[in-house]
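**Q** So that we are looking at the same thing, I have put the structure below in structure tokens.
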Amino acid sequence: MILEIMGLKISYGSVEALKGVTMKVGEGEMVALLGPNGSGKTTLLKTVAGILKPQGGAVYIDGRNVEGMEGRELALKVGYVPQWVEKSLPQSVFNAVLIGRLPHFSWEPGEEDLRKTADVLERMGLSEYSSRYTDELSGGERQKVLIARALVQDVSLLLLDEPTANLDLKHQLEVMDIIKGEVKSGVSALLAIHDVNLALKYCDRFILMKEGRIYMKGGEEIITEEAMEEVYGVKARIELVGGHRVVIPLGPV
Amino acid sequence: MSERSLEEYRSATGRRRALFLGGAILLLLLFLLSLSVGSARMGFSETLRTLLGGGDPLTRTIIFRIRLPRALTAIFAGIALAVSGAAMQSVLRNPLGSPFTLGISHASAFGAAFAIVVLGAGSLGSSAVDAVSIVNYYLVAISAFAFSLISTLAIVGLSRRRGATPEAMILTGVALGSLFTAAVAAIEYFADDVELSSIIFWTFGDVGRASFTDLSVIFVITLLSLAYFLLNRWRMSALDSGEDSARSLGVNVKRLRIVGMIVASLATATVVSFVGIIGFIGLIVPHMVRKIIGPDPKWLIPSSALLGAMLLLASDTLARTVISPIVLPVGIVTSFMGAPLFIHLVIKGREYW
């Protein structure tokens with residue numbers, strides 16, 4: 001599964017959110033989208049997920065233009081985890097995850113759909129919550145429900161918008177481990193993430209975004225003191241700890 | 001260990017199935033009760049015997065000419081209104097949505113009144129029983145539907161704007177409801193005394209005035225809309241989890257919203273054009289189902305249909321017996337029941353959205 005984005009442009013009214021973005025995610029790659037608020041990360045993910053339509057350029061999945069695909073066809077390949085839990089009517093956790101199987105069944109979920117849901121709940125440590133309602137969960141647990149929903153969807157590309165934003169440290173690592181596990185089994189993942197160090201620990205490649213454009217892309221060597229200042233407006237020191245880069249922020253420029 | 005959540009889901013499903021079956025049996029008993037009580041009382045066994053083809057001519061007339069159409073109308077109108085309410089709440093993502101609170105019932109009532117009085121699709125009688133006799137069923141239903149679409153499209157248009165809160169939609173519904181109530185009043189203003197009393201009587205929802213022909217129209221439309229919403233129940237459930245989530249799962253949200261609202265309005269308009277405005281069934285039934293059965297997509301629509309039928313039939317049986325021999329319009333009973341629950345939802349329902 002290969003994702004290719006060519007010259008993608010999106011505007012909200014007169015505000016240009018993406019000003020021509022070109023990038024690629026290969027099979028079994030875990031790619032971090034980094035950049036400050038408003039740099040276009042969420043817009044990019046929503047466009048790949050088919051929620052927004054490209055106004056210029058195009059998104060290709062395995063060489064096929066996303067615009068020509070049926071919603072369901074795209075949903076069989078691409079899963080999307082929104083940034084913030086949208087307000088919703090309460091559902092049981094089991095049902096909230098089961099709904100991720102929607103692209104796979106038409107009338108009623110079958111045995112395989114139920115089994116996959118139970119397995120993912122187990123893997124995410126959500127089994128004991130399965131009969132609870134989503135409005136009784138903490139922010140972190142809801143976030144995990146959203147990720148579980150994308151996992152049961154059985155897709156080859158996962159798009160995650162700040163998957164760790166509402167989680168405590170332990171849950172952040174758990175969730176990143178789960179995503180990494182998926183990637184190891186051949187799934188590609190593109191995630192927008194604020195925590196640069198978490199990204200450095202887990203991701204294979206990095207895309208730095210600034211004001212709707214790609215500032216730089218590559219391996220962890222692109223995360224430099226200069227890049228942190230240019231993209232985030234932050235003075236930082238980069239140290240090597242156990243062979244990995246660690247960003248130590250010092251203060252705003 | 002993944003067995004545990006699966007077991008829990010299965011046992012919850014079994015519990016829901018049992019509740020649903022229990023409800024269906026209760027509805028059957030309620031149906032027999034509603035055929036048996038009234039100014040001429042009869043026992044269950046006599047009612048059953050008559051239904052199966054026995055009984056004396058007088059009992060047969062009472063049951064087949066008066067009580068059976070009435071009970072069946074209550075059942076199908078209850079299904080149509082409750083399912084429409086559940087669907088509107090889902091597709092608009094608004095827990096306060098229903099045909100009544102969004103002003104769609106009022107618009108339908110005006111459309112029907114307009115067809116009857118102005119377009120001459122019916123005639124107005126002088127007594128409560130034959131307050132309105134409809135000559136051209138299709139014209140009445142089509143006119144009711146056409147006017148209901150005005151409310152529906154206004155609400156759908158509003159829902160597409162960012163930041164349209166559930167409350168804003170309901171306030172728009174109140175405004176539309178008032179507008180169409182005023183429009184009915186305008187028709188009343190130009191009516192003579194006899195017509196006036198008939199229209200006023202007619203605007204209170206009452207399932208007692210539908211004939212077998214009316215009933216067959218309600219029946220067909222109710223079944224069609226029920227089938228549509230059953231087919232789309234998982235998509236509506238995906239929408240319950242959020243618009244972006246639903247889209248990323250391949251749901252065409254725009255189409256589901258527009259077609260869903262139109263189908264719900266058609267069912268509402270059909271019911272209203274033959275029995276008048278019956279408030280709150282569409283609002284409270286889905287919430288009762290969520291409390292009793294839980295918000296399970298598999299069961300919300302069928303259970304709303306069942307409970308809607310039960311509630312309207314029970315309300316009508318109550319309306320016929322509470323100050324017997326006077327028969328109250330059922331719309332009065334449902335409003336007395338529904339208004340406090342509506343206020344409760346507005347105050348306590350915050351947790352929903």
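Identifiers in this document derive from the order of the structure tokens: chains are assigned A, B, ..., residues are numbered from 1 separately in each chain, and ligands are numbered from 1 in order of occurrence.
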Could you please select, counting only C-alpha atoms, the residues of chain A within 6 Å of chain B and state them as a PyMOL selection string?

**A** chain A and resi 49+71-72+75+86-89+91+118-119+122+127+130

**Q** Please write the residues from the selection above to a file, keeping all heavy atoms, as a short mmCIF file (atom, residue, chain, number, x, y, z; two decimals), in the first residue's frame.

**A**
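selection34.cif, written as the output of this step:
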```
data_model
loop_
_atom_site.label_atom_id
_atom_site.label_comp_id
_atom_site.auth_asym_id
_atom_site.auth_seq_id
_atom_site.Cartn_x
_atom_site.Cartn_y
_atom_site.Cartn_z
N ALA A 49 -8.44 10.99 4.03
CA ALA A 49 -9.54 10.15 4.51
C ALA A 49 -10.80 10.32 3.68
O ALA A 49 -11.79 9.62 3.91
CB ALA A 49 -9.84 10.47 5.98
N GLY A 71 -17.11 5.91 -1.30
CA GLY A 71 -16.78 6.05 0.12
C GLY A 71 -16.40 4.72 0.75
O GLY A 71 -15.44 4.61 1.50
N ARG A 72 -17.17 3.70 0.41
CA ARG A 72 -16.94 2.40 1.03
C ARG A 72 -15.62 1.76 0.60
O ARG A 72 -14.90 1.18 1.38
CB ARG A 72 -18.11 1.49 0.67
CG ARG A 72 -18.04 0.16 1.36
CD ARG A 72 -19.25 -0.66 0.97
NE ARG A 72 -19.39 -1.76 1.87
CZ ARG A 72 -20.55 -2.30 2.18
NH1 ARG A 72 -21.66 -1.80 1.69
NH2 ARG A 72 -20.60 -3.32 2.99
N ALA A 75 -12.96 3.34 2.43
CA ALA A 75 -13.01 2.94 3.84
C ALA A 75 -12.46 1.53 4.06
O ALA A 75 -12.11 1.16 5.17
CB ALA A 75 -14.44 3.03 4.36
N GLU A 86 -15.61 13.64 18.73
CA GLU A 86 -16.76 14.48 18.40
C GLU A 86 -17.87 14.21 19.39
O GLU A 86 -17.99 13.10 19.89
CB GLU A 86 -17.27 14.15 16.99
CG GLU A 86 -16.28 14.47 15.90
CD GLU A 86 -16.78 13.96 14.54
OE1 GLU A 86 -17.50 14.71 13.89
OE2 GLU A 86 -16.45 12.82 14.18
N LYS A 87 -18.70 15.22 19.65
CA LYS A 87 -19.82 14.96 20.55
C LYS A 87 -20.71 13.90 19.90
O LYS A 87 -20.91 13.89 18.69
CB LYS A 87 -20.61 16.24 20.82
CG LYS A 87 -21.06 16.96 19.57
CD LYS A 87 -21.71 18.28 19.91
CE LYS A 87 -22.19 18.94 18.63
NZ LYS A 87 -22.93 20.15 18.85
N SER A 88 -21.18 13.00 20.72
CA SER A 88 -21.93 11.91 20.12
C SER A 88 -22.98 11.40 21.11
O SER A 88 -22.87 11.60 22.31
CB SER A 88 -20.99 10.77 19.74
OG SER A 88 -20.28 10.33 20.87
N LEU A 89 -23.98 10.74 20.55
CA LEU A 89 -24.95 10.08 21.41
C LEU A 89 -24.24 8.88 22.04
O LEU A 89 -23.40 8.26 21.41
CB LEU A 89 -26.14 9.60 20.56
CG LEU A 89 -27.04 10.73 20.05
CD1 LEU A 89 -27.89 10.25 18.89
CD2 LEU A 89 -27.93 11.25 21.16
N GLN A 91 -23.04 5.31 23.23
CA GLN A 91 -23.13 3.96 22.68
C GLN A 91 -22.34 3.06 23.62
O GLN A 91 -21.50 3.54 24.36
CB GLN A 91 -22.40 3.90 21.33
CG GLN A 91 -23.12 4.52 20.18
CD GLN A 91 -22.27 4.40 18.93
OE1 GLN A 91 -21.20 4.97 18.83
NE2 GLN A 91 -22.73 3.64 17.96
N ALA A 118 -13.89 -8.06 19.38
CA ALA A 118 -13.48 -8.57 20.70
C ALA A 118 -11.96 -8.64 20.81
O ALA A 118 -11.38 -8.28 21.83
CB ALA A 118 -14.12 -9.93 20.94
N ASP A 119 -11.30 -9.07 19.73
CA ASP A 119 -9.84 -9.18 19.75
C ASP A 119 -9.17 -7.83 19.94
O ASP A 119 -8.25 -7.68 20.73
CB ASP A 119 -9.34 -9.82 18.44
CG ASP A 119 -9.61 -11.32 18.42
OD1 ASP A 119 -9.92 -11.88 19.49
OD2 ASP A 119 -9.51 -11.92 17.34
N GLU A 122 -9.54 -6.47 23.35
CA GLU A 122 -8.60 -7.16 24.23
C GLU A 122 -7.19 -6.58 24.09
O GLU A 122 -6.53 -6.25 25.07
CB GLU A 122 -8.62 -8.66 23.86
CG GLU A 122 -7.66 -9.52 24.63
CD GLU A 122 -7.97 -9.53 26.12
OE1 GLU A 122 -9.14 -9.30 26.47
OE2 GLU A 122 -7.04 -9.75 26.91
N SER A 127 -11.30 -4.57 27.14
CA SER A 127 -12.31 -5.62 27.31
C SER A 127 -13.25 -5.37 28.48
O SER A 127 -14.45 -5.54 28.38
CB SER A 127 -11.63 -6.98 27.53
OG SER A 127 -11.21 -7.48 26.28
N SER A 130 -16.20 -3.07 27.84
CA SER A 130 -16.97 -3.27 26.61
C SER A 130 -18.46 -2.99 26.75
O SER A 130 -19.11 -2.57 25.81
CB SER A 130 -16.72 -4.68 26.05
OG SER A 130 -17.41 -5.62 26.85
#
```

**Q** When DSSP is applied to the backbone of this structure, which of range 167-229 of chain A are assigned helix (DSSP H, G or I)? Write them out as a VMD selection string.

**A** chain A and resid 169 to 184 196 to 202 220 to 222 225 to 229

**Q** Neighbours of Met69 in chain A within 12 Å (only C-alpha atoms; same-chain residues fewer than 6 positions away dropped), as a list in words?

**A**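 Close residues of Met69 in chain A: Val48, Ala49, Gly50, Lys53, Val59, Tyr60, Ile61, Gly63, Ala75, Leu76, Lys77 and Val78 of chain A; Gly250 of chain B.
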
**Q** Would you write out those residues with N, CA and C atoms, as a JSON list (two decimals), in the first residue's frame?

**A**
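The resulting file, out16.json, is shown below:
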```
[["chain", "number", "residue", "atom", "x", "y", "z"],
["A", 48, "VAL", "N", -6.97, 12.99, 2.84],
["A", 48, "VAL", "CA", -6.63, 11.61, 2.49],
["A", 48, "VAL", "C", -7.77, 10.67, 2.90],
["A", 49, "ALA", "N", -8.44, 10.99, 4.03],
["A", 49, "ALA", "CA", -9.54, 10.15, 4.51],
["A", 49, "ALA", "C", -10.80, 10.32, 3.68],
["A", 50, "GLY", "N", -10.80, 11.25, 2.73],
["A", 50, "GLY", "CA", -11.97, 11.45, 1.88],
["A", 50, "GLY", "C", -13.03, 12.34, 2.50],
["A", 53, "LYS", "N", -12.51, 17.40, -0.01],
["A", 53, "LYS", "CA", -12.16, 17.17, -1.42],
["A", 53, "LYS", "C", -10.97, 18.05, -1.80],
["A", 59, "VAL", "N", -4.79, 12.99, -4.51],
["A", 59, "VAL", "CA", -4.31, 11.98, -3.57],
["A", 59, "VAL", "C", -4.46, 10.62, -4.26],
["A", 60, "TYR", "N", -3.37, 9.85, -4.29],
["A", 60, "TYR", "CA", -3.42, 8.53, -4.92],
["A", 60, "TYR", "C", -3.16, 7.45, -3.88],
["A", 61, "ILE", "N", -3.96, 6.40, -3.93],
["A", 61, "ILE", "CA", -3.69, 5.24, -3.08],
["A", 61, "ILE", "C", -3.48, 4.05, -3.99],
["A", 63, "GLY", "N", -1.80, 4.05, -6.56],
["A", 63, "GLY", "CA", -1.90, 4.54, -7.93],
["A", 63, "GLY", "C", -3.29, 4.99, -8.35],
["A", 75, "ALA", "N", -12.96, 3.34, 2.43],
["A", 75, "ALA", "CA", -13.01, 2.94, 3.84],
["A", 75, "ALA", "C", -12.46, 1.53, 4.06],
["A", 76, "LEU", "N", -12.39, 0.73, 3.00],
["A", 76, "LEU", "CA", -11.78, -0.60, 3.13],
["A", 76, "LEU", "C", -10.26, -0.51, 3.12],
["A", 77, "LYS", "N", -9.71, 0.65, 2.70],
["A", 77, "LYS", "CA", -8.26, 0.79, 2.62],
["A", 77, "LYS", "C", -7.70, 1.75, 3.65],
["A", 78, "VAL", "N", -8.50, 2.78, 3.98],
["A", 78, "VAL", "CA", -7.98, 3.85, 4.81],
["A", 78, "VAL", "C", -8.83, 4.02, 6.06],
["B", 250, "GLY", "N", -17.09, 5.50, 5.20],
["B", 250, "GLY", "CA", -17.70, 5.31, 3.90],
["B", 250, "GLY", "C", -19.17, 5.69, 3.83]]
```

**Q** In Å to one decimal, how far is CA of Phe219 in chain B from CA of Gly260 in chain B?

**A**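 Result for CA of Gly260 in chain B versus CA of Phe219 in chain B: 18.6 Å, one decimal.
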
**Q** Using DSSP secondary structure from the backbone, list all strand (DSSP E or B) positions within range 107-302 of chain B, as a ChimeraX atom specification.

**A** /B:122-124,132-134,204,277

**Q** Would you save the residues from that selection as a tab-separated table (two decimals), in the first residue's frame, using all heavy atoms?

**A**
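Printed below is out-v6.tsv as written:
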```tsv
chain	number	residue	atom	x	y	z
B	122	GLY	N	-61.62	17.61	0.56
B	122	GLY	CA	-62.45	16.95	1.57
B	122	GLY	C	-63.58	17.88	1.94
B	122	GLY	O	-63.68	19.00	1.45
B	123	SER	N	-64.46	17.39	2.82
B	123	SER	CA	-65.53	18.27	3.26
B	123	SER	C	-65.58	18.22	4.77
B	123	SER	O	-65.17	17.26	5.40
B	123	SER	CB	-66.86	17.82	2.66
B	123	SER	OG	-67.10	16.49	3.05
B	124	LEU	N	-66.08	19.32	5.32
B	124	LEU	CA	-66.12	19.42	6.76
B	124	LEU	C	-67.52	19.09	7.24
B	124	LEU	O	-68.49	19.62	6.74
B	124	LEU	CB	-65.71	20.82	7.18
B	124	LEU	CG	-64.30	21.21	6.73
B	124	LEU	CD1	-64.07	22.69	6.91
B	124	LEU	CD2	-63.28	20.42	7.51
B	132	VAL	N	-64.05	15.73	9.65
B	132	VAL	CA	-63.48	15.91	8.33
B	132	VAL	C	-63.68	14.62	7.56
B	132	VAL	O	-63.32	13.55	8.03
B	132	VAL	CB	-61.96	16.21	8.40
B	132	VAL	CG1	-61.38	16.27	7.01
B	132	VAL	CG2	-61.72	17.50	9.15
B	133	SER	N	-64.32	14.69	6.41
B	133	SER	CA	-64.31	13.49	5.60
B	133	SER	C	-63.52	13.81	4.34
B	133	SER	O	-63.77	14.79	3.65
B	133	SER	CB	-65.73	13.02	5.28
B	133	SER	OG	-66.37	13.99	4.51
B	134	ILE	N	-62.52	12.99	4.12
B	134	ILE	CA	-61.60	13.27	3.04
B	134	ILE	C	-62.07	12.57	1.77
B	134	ILE	O	-62.41	11.40	1.79
B	134	ILE	CB	-60.18	12.82	3.43
B	134	ILE	CG1	-59.70	13.68	4.60
B	134	ILE	CG2	-59.23	12.91	2.26
B	134	ILE	CD1	-58.47	13.16	5.26
B	204	PHE	N	-56.46	18.76	16.85
B	204	PHE	CA	-56.02	17.87	17.93
B	204	PHE	C	-55.90	16.48	17.35
B	204	PHE	O	-56.87	15.97	16.79
B	204	PHE	CB	-57.06	17.81	19.06
B	204	PHE	CG	-57.15	19.07	19.85
B	204	PHE	CD1	-58.27	19.88	19.74
B	204	PHE	CD2	-56.13	19.44	20.70
B	204	PHE	CE1	-58.35	21.04	20.47
B	204	PHE	CE2	-56.22	20.60	21.43
B	204	PHE	CZ	-57.33	21.40	21.32
B	277	ILE	N	-52.31	16.41	14.58
B	277	ILE	CA	-50.99	16.49	15.23
B	277	ILE	C	-51.00	15.71	16.53
B	277	ILE	O	-51.80	15.96	17.42
B	277	ILE	CB	-50.62	17.95	15.53
B	277	ILE	CG1	-50.49	18.74	14.23
B	277	ILE	CG2	-49.31	18.02	16.32
B	277	ILE	CD1	-50.25	20.21	14.43
```

**Q** How many Å separate CA of Ile343 in chain B from CA of Leu158 in chain B?

**A**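 Calculated distance between CA of Ile343 in chain B and CA of Leu158 in chain B is 22.9 Å.
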
**Q** For range 30-37 of chain A, find every residue with an atom within 9 Å (counting only C-alpha atoms), except residues of its own chain fewer than 3 positions away, and show them as a PDB file with N, CA, C and O atoms, in the first residue's frame.

**A**
```pdb
ATOM      1  N   VAL A  25       3.927   8.023   1.355  1.00  0.00           N
ATOM      2  CA  VAL A  25       4.099   7.094   2.481  1.00  0.00           C
ATOM      3  C   VAL A  25       4.154   5.692   1.895  1.00  0.00           C
ATOM      4  O   VAL A  25       3.254   5.295   1.159  1.00  0.00           O
ATOM      5  N   GLY A  26       5.238   4.968   2.178  1.00  0.00           N
ATOM      6  CA  GLY A  26       5.399   3.633   1.610  1.00  0.00           C
ATOM      7  C   GLY A  26       4.776   2.562   2.473  1.00  0.00           C
ATOM      8  O   GLY A  26       4.281   2.823   3.571  1.00  0.00           O
ATOM      9  N   GLU A  27       4.828   1.355   1.965  1.00  0.00           N
ATOM     10  CA  GLU A  27       4.257   0.227   2.683  1.00  0.00           C
ATOM     11  C   GLU A  27       5.016  -0.044   3.977  1.00  0.00           C
ATOM     12  O   GLU A  27       6.242  -0.018   4.003  1.00  0.00           O
ATOM     13  N   GLY A  40      -1.564  22.783   8.899  1.00  0.00           N
ATOM     14  CA  GLY A  40      -2.253  22.043   7.834  1.00  0.00           C
ATOM     15  C   GLY A  40      -2.276  20.538   8.025  1.00  0.00           C
ATOM     16  O   GLY A  40      -2.722  19.805   7.140  1.00  0.00           O
ATOM     17  N   LYS A  41      -1.821  20.063   9.183  1.00  0.00           N
ATOM     18  CA  LYS A  41      -1.739  18.613   9.395  1.00  0.00           C
ATOM     19  C   LYS A  41      -3.127  17.948   9.357  1.00  0.00           C
ATOM     20  O   LYS A  41      -3.330  16.950   8.661  1.00  0.00           O
ATOM     21  N   ILE A 179       0.224   1.013  17.598  1.00  0.00           N
ATOM     22  CA  ILE A 179       0.326   1.478  16.207  1.00  0.00           C
ATOM     23  C   ILE A 179       1.575   0.873  15.554  1.00  0.00           C
ATOM     24  O   ILE A 179       1.542   0.397  14.425  1.00  0.00           O
ATOM     25  N   LYS A 180       2.672   0.871  16.318  1.00  0.00           N
ATOM     26  CA  LYS A 180       3.921   0.291  15.797  1.00  0.00           C
ATOM     27  C   LYS A 180       3.725  -1.192  15.451  1.00  0.00           C
ATOM     28  O   LYS A 180       4.229  -1.669  14.428  1.00  0.00           O
ATOM     29  N   VAL A 183       2.074  -1.458  12.196  1.00  0.00           N
ATOM     30  CA  VAL A 183       3.012  -1.121  11.127  1.00  0.00           C
ATOM     31  C   VAL A 183       3.931  -2.314  10.839  1.00  0.00           C
ATOM     32  O   VAL A 183       4.224  -2.623   9.687  1.00  0.00           O
ATOM     33  N   VAL A 187       0.997  -2.628   7.841  1.00  0.00           N
ATOM     34  CA  VAL A 187       0.123  -1.459   7.670  1.00  0.00           C
ATOM     35  C   VAL A 187       0.993  -0.199   7.613  1.00  0.00           C
ATOM     36  O   VAL A 187       2.042  -0.151   8.250  1.00  0.00           O
ATOM     37  N   SER A 188       0.561   0.790   6.822  1.00  0.00           N
ATOM     38  CA  SER A 188       1.261   2.074   6.832  1.00  0.00           C
ATOM     39  C   SER A 188       0.512   3.018   7.768  1.00  0.00           C
ATOM     40  O   SER A 188      -0.706   2.928   7.889  1.00  0.00           O
ATOM     41  N   ALA A 189       1.249   3.910   8.420  1.00  0.00           N
ATOM     42  CA  ALA A 189       0.604   4.857   9.318  1.00  0.00           C
ATOM     43  C   ALA A 189       1.149   6.252   9.093  1.00  0.00           C
ATOM     44  O   ALA A 189       2.351   6.444   8.938  1.00  0.00           O
ATOM     45  N   LEU A 190       0.219   7.211   9.036  1.00  0.00           N
ATOM     46  CA  LEU A 190       0.601   8.613   8.930  1.00  0.00           C
ATOM     47  C   LEU A 190      -0.047   9.310  10.111  1.00  0.00           C
ATOM     48  O   LEU A 190      -1.269   9.292  10.260  1.00  0.00           O
ATOM     49  N   LEU A 191       0.781   9.871  11.008  1.00  0.00           N
ATOM     50  CA  LEU A 191       0.160  10.478  12.174  1.00  0.00           C
ATOM     51  C   LEU A 191       0.633  11.890  12.428  1.00  0.00           C
ATOM     52  O   LEU A 191       1.818  12.195  12.318  1.00  0.00           O
ATOM     53  N   ALA A 192      -0.336  12.737  12.726  1.00  0.00           N
ATOM     54  CA  ALA A 192      -0.032  14.091  13.170  1.00  0.00           C
ATOM     55  C   ALA A 192       0.218  14.011  14.657  1.00  0.00           C
ATOM     56  O   ALA A 192      -0.547  13.382  15.381  1.00  0.00           O
ATOM     57  N   ILE A 193       1.308  14.621  15.110  1.00  0.00           N
ATOM     58  CA  ILE A 193       1.645  14.467  16.516  1.00  0.00           C
ATOM     59  C   ILE A 193       2.395  15.702  17.014  1.00  0.00           C
ATOM     60  O   ILE A 193       3.216  16.278  16.306  1.00  0.00           O
ATOM     61  N   HIS A 194       2.044  16.143  18.223  1.00  0.00           N
ATOM     62  CA  HIS A 194       2.682  17.333  18.784  1.00  0.00           C
ATOM     63  C   HIS A 194       3.973  16.997  19.514  1.00  0.00           C
ATOM     64  O   HIS A 194       4.875  17.810  19.593  1.00  0.00           O
ATOM     65  N   ASP A 195       3.999  15.787  20.084  1.00  0.00           N
ATOM     66  CA  ASP A 195       5.143  15.410  20.908  1.00  0.00           C
ATOM     67  C   ASP A 195       6.286  14.900  20.023  1.00  0.00           C
ATOM     68  O   ASP A 195       6.289  13.759  19.575  1.00  0.00           O
ATOM     69  N   VAL A 196       7.244  15.799  19.761  1.00  0.00           N
ATOM     70  CA  VAL A 196       8.323  15.468  18.829  1.00  0.00           C
ATOM     71  C   VAL A 196       9.142  14.278  19.331  1.00  0.00           C
ATOM     72  O   VAL A 196       9.561  13.421  18.558  1.00  0.00           O
ATOM     73  N   ALA A 199       7.438  11.075  18.632  1.00  0.00           N
ATOM     74  CA  ALA A 199       7.580  10.790  17.202  1.00  0.00           C
ATOM     75  C   ALA A 199       8.971  10.225  16.908  1.00  0.00           C
ATOM     76  O   ALA A 199       9.112   9.242  16.193  1.00  0.00           O
ATOM     77  N   LEU A 200       9.990  10.856  17.494  1.00  0.00           N
ATOM     78  CA  LEU A 200      11.366  10.393  17.265  1.00  0.00           C
ATOM     79  C   LEU A 200      11.569   8.961  17.747  1.00  0.00           C
ATOM     80  O   LEU A 200      12.287   8.186  17.149  1.00  0.00           O
ATOM     81  N   TYR A 202       9.292   6.557  17.862  1.00  0.00           N
ATOM     82  CA  TYR A 202       8.537   5.522  17.156  1.00  0.00           C
ATOM     83  C   TYR A 202       8.579   5.583  15.626  1.00  0.00           C
ATOM     84  O   TYR A 202       8.427   4.563  14.975  1.00  0.00           O
ATOM     85  N   CYS A 203       8.698   6.791  15.054  1.00  0.00           N
ATOM     86  CA  CYS A 203       8.440   6.893  13.615  1.00  0.00           C
ATOM     87  C   CYS A 203       9.694   6.673  12.775  1.00  0.00           C
ATOM     88  O   CYS A 203      10.823   6.870  13.233  1.00  0.00           O
ATOM     89  N   ASP A 204       9.448   6.250  11.515  1.00  0.00           N
ATOM     90  CA  ASP A 204      10.547   5.973  10.597  1.00  0.00           C
ATOM     91  C   ASP A 204      10.959   7.221   9.828  1.00  0.00           C
ATOM     92  O   ASP A 204      12.120   7.407   9.513  1.00  0.00           O
ATOM     93  N   ARG A 205       9.943   8.005   9.500  1.00  0.00           N
ATOM     94  CA  ARG A 205      10.234   9.210   8.716  1.00  0.00           C
ATOM     95  C   ARG A 205       9.439  10.372   9.280  1.00  0.00           C
ATOM     96  O   ARG A 205       8.441  10.188   9.973  1.00  0.00           O
ATOM     97  N   PHE A 206       9.885  11.597   8.909  1.00  0.00           N
ATOM     98  CA  PHE A 206       9.293  12.790   9.503  1.00  0.00           C
ATOM     99  C   PHE A 206       8.992  13.813   8.420  1.00  0.00           C
ATOM    100  O   PHE A 206       9.769  13.964   7.480  1.00  0.00           O
ATOM    101  N   ILE A 207       7.856  14.456   8.547  1.00  0.00           N
ATOM    102  CA  ILE A 207       7.511  15.518   7.607  1.00  0.00           C
ATOM    103  C   ILE A 207       7.232  16.768   8.432  1.00  0.00           C
ATOM    104  O   ILE A 207       6.331  16.778   9.273  1.00  0.00           O
ATOM    105  N   LEU A 208       8.030  17.778   8.228  1.00  0.00           N
ATOM    106  CA  LEU A 208       7.850  19.023   8.978  1.00  0.00           C
ATOM    107  C   LEU A 208       6.994  19.975   8.153  1.00  0.00           C
ATOM    108  O   LEU A 208       7.327  20.278   7.005  1.00  0.00           O
ATOM    109  N   MET A 209       5.894  20.425   8.718  1.00  0.00           N
ATOM    110  CA  MET A 209       4.995  21.319   7.987  1.00  0.00           C
ATOM    111  C   MET A 209       4.969  22.697   8.611  1.00  0.00           C
ATOM    112  O   MET A 209       5.023  22.852   9.830  1.00  0.00           O
ATOM    113  N   LYS A 210       4.872  23.688   7.726  1.00  0.00           N
ATOM    114  CA  LYS A 210       4.784  25.060   8.212  1.00  0.00           C
ATOM    115  C   LYS A 210       3.891  25.836   7.266  1.00  0.00           C
ATOM    116  O   LYS A 210       4.134  25.846   6.058  1.00  0.00           O
ATOM    117  N   GLU A 211       2.859  26.434   7.787  1.00  0.00           N
ATOM    118  CA  GLU A 211       1.949  27.303   7.018  1.00  0.00           C
ATOM    119  C   GLU A 211       1.477  26.668   5.719  1.00  0.00           C
ATOM    120  O   GLU A 211       1.501  27.284   4.662  1.00  0.00           O
ATOM    121  N   VAL A 231      10.419  25.992  12.310  1.00  0.00           N
ATOM    122  CA  VAL A 231       9.061  25.450  12.191  1.00  0.00           C
ATOM    123  C   VAL A 231       8.219  25.787  13.421  1.00  0.00           C
ATOM    124  O   VAL A 231       7.089  26.250  13.295  1.00  0.00           O
ATOM    125  N   TYR A 232       8.762  25.546  14.589  1.00  0.00           N
ATOM    126  CA  TYR A 232       7.969  25.730  15.811  1.00  0.00           C
ATOM    127  C   TYR A 232       8.195  27.087  16.477  1.00  0.00           C
ATOM    128  O   TYR A 232       7.453  27.470  17.375  1.00  0.00           O
ATOM    129  N   GLY A 233       9.266  27.792  16.067  1.00  0.00           N
ATOM    130  CA  GLY A 233       9.585  29.048  16.742  1.00  0.00           C
ATOM    131  C   GLY A 233      10.065  28.803  18.152  1.00  0.00           C
ATOM    132  O   GLY A 233       9.722  29.536  19.080  1.00  0.00           O
TER     133      GLY A 233
END
```

**Q** One decimal, in Å: what's the spacing between CA of Thr42 in chain A and CA of Asp161 in chain A?

**A**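 CA of Asp161 in chain A lies 6.5 Å from CA of Thr42 in chain A.
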
**Q** Compile the contact shell of Leu102 in chain B as a PyMOL selection string: residues with an atom at most 10 Å away, counting only C-alpha atoms, same-chain residues fewer than 5 positions apart removed.

**A** chain B and resi 85+88+96-97+107+151-152+154-155+169-177

**Q** Write out the residues from the selection above, keeping C-alpha atoms, as a compact mmCIF listing (two decimals), in the first residue's frame.

**A**
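File out.txt, as written:
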```
# COMPACT_ATOMS: atom_id res chain seq x y z
CA GLY B 85 -38.24 10.74 15.67
CA MET B 88 -34.34 12.52 12.88
CA LEU B 96 -34.20 16.91 20.81
CA GLY B 97 -35.23 16.16 17.24
CA ALA B 107 -46.36 22.18 8.56
CA SER B 151 -39.90 22.81 7.52
CA THR B 152 -37.66 19.87 6.73
CA ALA B 154 -35.16 24.70 6.58
CA ILE B 155 -33.94 22.37 9.33
CA MET B 169 -32.50 23.75 15.52
CA ILE B 170 -35.30 23.34 18.05
CA LEU B 171 -35.83 27.10 18.27
CA THR B 172 -36.11 27.18 14.49
CA GLY B 173 -38.60 24.32 14.81
CA VAL B 174 -40.62 26.35 17.31
CA ALA B 175 -40.64 29.31 14.94
CA LEU B 176 -41.77 27.12 12.02
CA GLY B 177 -44.39 25.47 14.23
```
